[in-house]
Amino acid sequence: MTRSGRTAAIIVAAGRGERAGNPLDGPKQYRPIGGRPVIAWTLQAFLNHEEIDTIVVVIHPDDHQLFAKAVRGLNDVHRVLVVNGGTTRQQSVLVGLEALADRTPETVLIHDGARPFVNGALISAVLNPLRSGSDAVLPATPLTDTIKKSTAEGLVETTLSRQELRAAQTPQGFAYAAILDAHQRAAGQVAHEFTDDCSIAEWAGIPVRLVAGSPDNIKLTVARDMTMADKMLGREAQAGFSTLPDIRTGNGYDVHAVTTGDSVTLCGVSIPHDHALLGHSDADVGLHALTDALLATCGAGDIGDHFPPTDPQWKDAKSDIFLNHAVGVVRATGGTIMNADVTLICEAPKIGPHRQAMRQSLADILGIAIARCSVKATTNEGIGFIGRREGIAAIATASVAYSEPVNDG
């Protein structure tokens with residue numbers, strides 16, 4: 001049995017985190033580590049993974065403003081569904097599962113919001129057995145400490161063998177229909193203590209396959225964990241560890257000649273004009289330049305490599321198709337788009353009245369805040385082919401942060 005259908009992720013973040021320090025600092029999932037909230041690090045890992053279609057984040061009813069502030073500026077947050085959790089983790093997971101009912105995913109990952117060091121490799125390691133037919137997958141690590149069983153009086157009763165013991169992590173992966181049914185049946189069981197979702201699967205008779213977890217994939221529980229995580233992700237660690245983000249900047253340039261017509265499309269906005277731009281597609285120099293800039297950040301060629309002008313299917317195509325493709329290439333490579341800047345070079349039309357619409361167009365396509373999108377314009381002071389109004393050009397710059405090294409192969 002193989003699966004190739006939709007995959008969803010549930011991030012459980014409704015807890016109060018009482019053991020994580022001063023309660024006046026708020027729930028631990030919204031406290032900053034490495035310059036941004038814990039939940040933002042966690043969520044970005046799933047947003048970056050190309051196999052995750054939908055994400056449900058289960059939060060406390062009082063935390064909607066905290067959550068909105070925490071994820072501000074993250075890419076693709078329109079893919080995130082936010083729901084209110086229950087009084088226990090088990091209830092919150094069931095709420096998340098039921099919120100996916102109308103989307104009918106084939107597989108689902110369930111992850112603790114307070115595990116911000118999850119990465120794409122671990123997510124894929126859990127997904128692979130699910131694609132091959134496993135109904136439940138648990139990432140786990142071997143125990144390294146000697147394990148003692150104690151008596152009620154605080155004495156050692158016996159030493160346990162570590163050979164068959166594992167420390168469970170998340171994300172835990174499941175066939176969606178199977179774990180939804182198991183959770184719904186387990187909701188009425190008061191005699192059982194379910195400490196994670198795989199324990200519910202075990203109770204329901206679903207075989208759980210083990211895969212290697214990551215020693216870095218720790219759950220932040222107490223104040224010491226928060227301090228350690230901040231050092232790992234913050235400036236103190238960047239000098240000596242490989243957690244420093246790989247920030248890459250790409251540049252793009254495009255130019256198109258004018259032709260007869262009554263409008264031009266620039267940065268996704270149609271502007272009435274006494275000429276049009278000549279090109280195989282809609283000749284949007286702004287989006288073309290930005291497409292090249294994004295592709296440059298991961299060495300993925302240029303727009304012509306992906307959309308040859310000799311291919312008739314791109315005749316008169318809207319250029320947002322090209323930019324959307326470049327965004328997908330960047331994200332599939334583990335990139336987070338941080339900023340986009342486009343300079344349009346033309347004598348006419350006037351760009352100022354349309355600048356905000358252009359910035360919004362870029363923000364919508366890139367999935368980032370409009371504050372991270374800049375559109376500027378300049379003339380060529382009457383010099384050259386642009387000065388003679390024979391064409392319009394654009395220069396674009398994009399900054400992308402890569403959480404993992406880009407595969408140069």
# chains A, B, ... in the order shown; residues from 1 in each chain; ligands from 1
$ residues_around --residues "stretch 68-82 of chain A" --least-positions-apart "6" --cutoff "8 Å" --atoms "only C-alpha atoms" --output "ChimeraX atom specification"
/A:30,36-37,39-40,44,47,53-59,336-337,366-369
$ select_by_dssp --residues "stretch 116-358 of chain A" --states "strand (DSSP E)" --output "PyMOL selection string"
chain A and resi 136-142+147-150+156-160+166-168+172-175+209-212+246-259+263-266+269-272+276-277+335-345
$ closest_residue --among "A:Ala140, A:Ala293, A:Leu165, A:Val285" --to "A:Asn251" --atoms "only C-alpha atoms"
A:Ala293
$ residues_around --residues "A:Ala326" --least-positions-apart "5" --cutoff "10 Å" --atoms "only C-alpha atoms" --output "PyMOL selection string"
chain A and resi 290-296+300+302-303+306+320-321+331-332+366
$ residues_around --residues "stretch 97-107 of chain A" --least-positions-apart "4" --cutoff "9 Å" --atoms "only C-alpha atoms" --output "PyMOL selection string"
chain A and resi 3-10+53-54+56+81+83+92-93+127+130-131+135+173-177+179-180+183
$ atom_distance --atom1 "atom CA of A:Ala167" --atom2 "atom CA of A:Gly213"
8.7 Å
$ closest_atom_pairs --of "stretch 136-185 of chain A" --to "stretch 192-211 of chain A" --cutoff "6 Å" --atoms "only C-alpha atoms" --output "tab-separated table"
residue	atom	partner	partner_atom	distance
A:Ala136	CA	A:Val208	CA	4.7
A:Val137	CA	A:Arg209	CA	4.7
A:Leu138	CA	A:Leu210	CA	4.9
A:Pro139	CA	A:Val211	CA	4.8
A:Ala182	CA	A:Ala204	CA	5.8
$ write_last_selection --atoms "N, CA and C atoms" --output "short mmCIF file (atom, residue, chain, number, x, y, z; two decimals), in the first residue's frame"
data_model
loop_
_atom_site.label_atom_id
_atom_site.label_comp_id
_atom_site.auth_asym_id
_atom_site.auth_seq_id
_atom_site.Cartn_x
_atom_site.Cartn_y
_atom_site.Cartn_z
N ALA A 136 1.05 4.51 11.62
CA ALA A 136 1.53 5.34 12.73
C ALA A 136 3.05 5.30 12.75
N VAL A 137 3.67 6.48 12.91
CA VAL A 137 5.13 6.57 12.88
C VAL A 137 5.58 7.46 14.04
N LEU A 138 6.57 6.97 14.77
CA LEU A 138 7.07 7.68 15.95
C LEU A 138 8.56 7.93 15.83
N PRO A 139 8.99 9.21 15.82
CA PRO A 139 10.43 9.48 15.90
C PRO A 139 10.88 9.34 17.36
N ALA A 182 -9.38 6.69 16.41
CA ALA A 182 -8.79 6.30 17.69
C ALA A 182 -8.97 7.40 18.73
#
$ closest_residue --among "A:Leu66, A:Leu143, A:Val190, A:Ile345" --to "A:Val38" --atoms "only C-alpha atoms"
A:Leu66
$ closest_residue --among "A:Ser281, A:Thr42, A:Asn324, A:Ser399" --to "A:Asn339" --atoms "only C-alpha atoms"
A:Ser399
$ atom_distance --atom1 "atom CA of A:Pro312" --atom2 "atom CA of A:Ala363"
28.9 Å
$ select_by_dssp --residues "stretch 79-274 of chain A" --states "alpha helix (DSSP H)" --output "number ranges by chain"
A: 89-99, 120-131, 176-186, 197-203, 223-233, 235-238
$ residues_around --residues "A:Gly261" --least-positions-apart "2" --cutoff "10 Å" --atoms "only C-alpha atoms" --output "PyMOL selection string"
chain A and resi 258-259+263-264+272-278
$ write_last_selection --atoms "N, CA and C atoms" --output "PDB file, in the first residue's frame"
ATOM      1  N   VAL A 258       8.740  48.875 -26.086  1.00  0.00           N
ATOM      2  CA  VAL A 258       7.345  49.284 -26.170  1.00  0.00           C
ATOM      3  C   VAL A 258       6.801  48.926 -27.552  1.00  0.00           C
ATOM      4  N   THR A 259       5.490  48.785 -27.601  1.00  0.00           N
ATOM      5  CA  THR A 259       4.793  48.502 -28.850  1.00  0.00           C
ATOM      6  C   THR A 259       3.439  49.182 -28.792  1.00  0.00           C
ATOM      7  N   SER A 263      -2.077  49.778 -22.533  1.00  0.00           N
ATOM      8  CA  SER A 263      -1.776  49.569 -21.117  1.00  0.00           C
ATOM      9  C   SER A 263      -0.483  48.780 -20.977  1.00  0.00           C
ATOM     10  N   VAL A 264       0.126  48.914 -19.813  1.00  0.00           N
ATOM     11  CA  VAL A 264       1.288  48.098 -19.460  1.00  0.00           C
ATOM     12  C   VAL A 264       1.002  47.435 -18.116  1.00  0.00           C
ATOM     13  N   PRO A 272      -3.203  51.960 -17.376  1.00  0.00           N
ATOM     14  CA  PRO A 272      -3.521  52.560 -18.680  1.00  0.00           C
ATOM     15  C   PRO A 272      -2.335  53.378 -19.194  1.00  0.00           C
ATOM     16  N   HIS A 273      -2.016  53.213 -20.478  1.00  0.00           N
ATOM     17  CA  HIS A 273      -0.852  53.891 -21.033  1.00  0.00           C
ATOM     18  C   HIS A 273      -1.047  54.016 -22.536  1.00  0.00           C
ATOM     19  N   ASP A 274      -0.248  54.879 -23.148  1.00  0.00           N
ATOM     20  CA  ASP A 274      -0.396  55.067 -24.592  1.00  0.00           C
ATOM     21  C   ASP A 274       0.402  54.049 -25.399  1.00  0.00           C
ATOM     22  N   HIS A 275       1.069  53.131 -24.734  1.00  0.00           N
ATOM     23  CA  HIS A 275       1.784  52.046 -25.383  1.00  0.00           C
ATOM     24  C   HIS A 275       1.609  50.770 -24.561  1.00  0.00           C
ATOM     25  N   ALA A 276       2.045  49.661 -25.111  1.00  0.00           N
ATOM     26  CA  ALA A 276       2.134  48.401 -24.382  1.00  0.00           C
ATOM     27  C   ALA A 276       3.591  47.950 -24.408  1.00  0.00           C
ATOM     28  N   LEU A 277       3.888  46.872 -23.683  1.00  0.00           N
ATOM     29  CA  LEU A 277       5.233  46.302 -23.707  1.00  0.00           C
ATOM     30  C   LEU A 277       5.234  45.035 -24.553  1.00  0.00           C
ATOM     31  N   LEU A 278       6.289  44.871 -25.331  1.00  0.00           N
ATOM     32  CA  LEU A 278       6.401  43.753 -26.258  1.00  0.00           C
ATOM     33  C   LEU A 278       7.087  42.581 -25.563  1.00  0.00           C
TER      34      LEU A 278
END
$ atom_distance --atom1 "atom CA of A:Arg355" --atom2 "atom CA of A:Val375"
6.3 Å
$ closest_residue --among "A:Cys298, A:Arg389, A:Thr2, A:Ala152" --to "A:Gly328" --atoms "only C-alpha atoms"
A:Cys298
$ residues_around --residues "A:Leu160" --least-positions-apart "4" --cutoff "8 Å" --atoms "only C-alpha atoms" --output "number ranges by chain"
A: 146-149
$ closest_residue --among "A:Arg388, A:Arg166, A:His64, A:Lys231" --to "A:Asp145" --atoms "only C-alpha atoms"
A:Arg166
$ residues_around --residues "A:Ile351" --least-positions-apart "2" --cutoff "10 Å" --atoms "only C-alpha atoms" --output "NGL selection string"
:A and (266 or 271 or 344-349 or 353-356 or 358 or 375-378)
$ write_last_selection --atoms "C-alpha atoms" --output "mmCIF file, in the first residue's frame"
data_model
loop_
_atom_site.group_PDB
_atom_site.id
_atom_site.type_symbol
_atom_site.label_atom_id
_atom_site.label_comp_id
_atom_site.auth_asym_id
_atom_site.auth_seq_id
_atom_site.Cartn_x
_atom_site.Cartn_y
_atom_site.Cartn_z
ATOM 1 C CA LEU A 266 4.115 46.340 -14.003
ATOM 2 C CA ILE A 271 -1.799 50.645 -15.845
ATOM 3 C CA LEU A 344 11.289 50.392 -12.348
ATOM 4 C CA ILE A 345 13.185 52.511 -14.883
ATOM 5 C CA CYS A 346 10.922 54.428 -17.272
ATOM 6 C CA GLU A 347 9.964 57.896 -18.403
ATOM 7 C CA ALA A 348 6.269 56.971 -18.333
ATOM 8 C CA PRO A 349 3.807 55.958 -16.978
ATOM 9 C CA PRO A 353 -0.081 56.469 -7.958
ATOM 10 C CA HIS A 354 0.223 52.672 -8.337
ATOM 11 C CA ARG A 355 3.079 51.962 -5.901
ATOM 12 C CA GLN A 356 0.928 50.672 -3.035
ATOM 13 C CA MET A 358 2.252 47.018 -6.701
ATOM 14 C CA VAL A 375 8.718 49.316 -5.305
ATOM 15 C CA LYS A 376 10.598 52.375 -6.526
ATOM 16 C CA ALA A 377 10.822 54.192 -9.828
ATOM 17 C CA THR A 378 13.304 56.396 -11.608
#
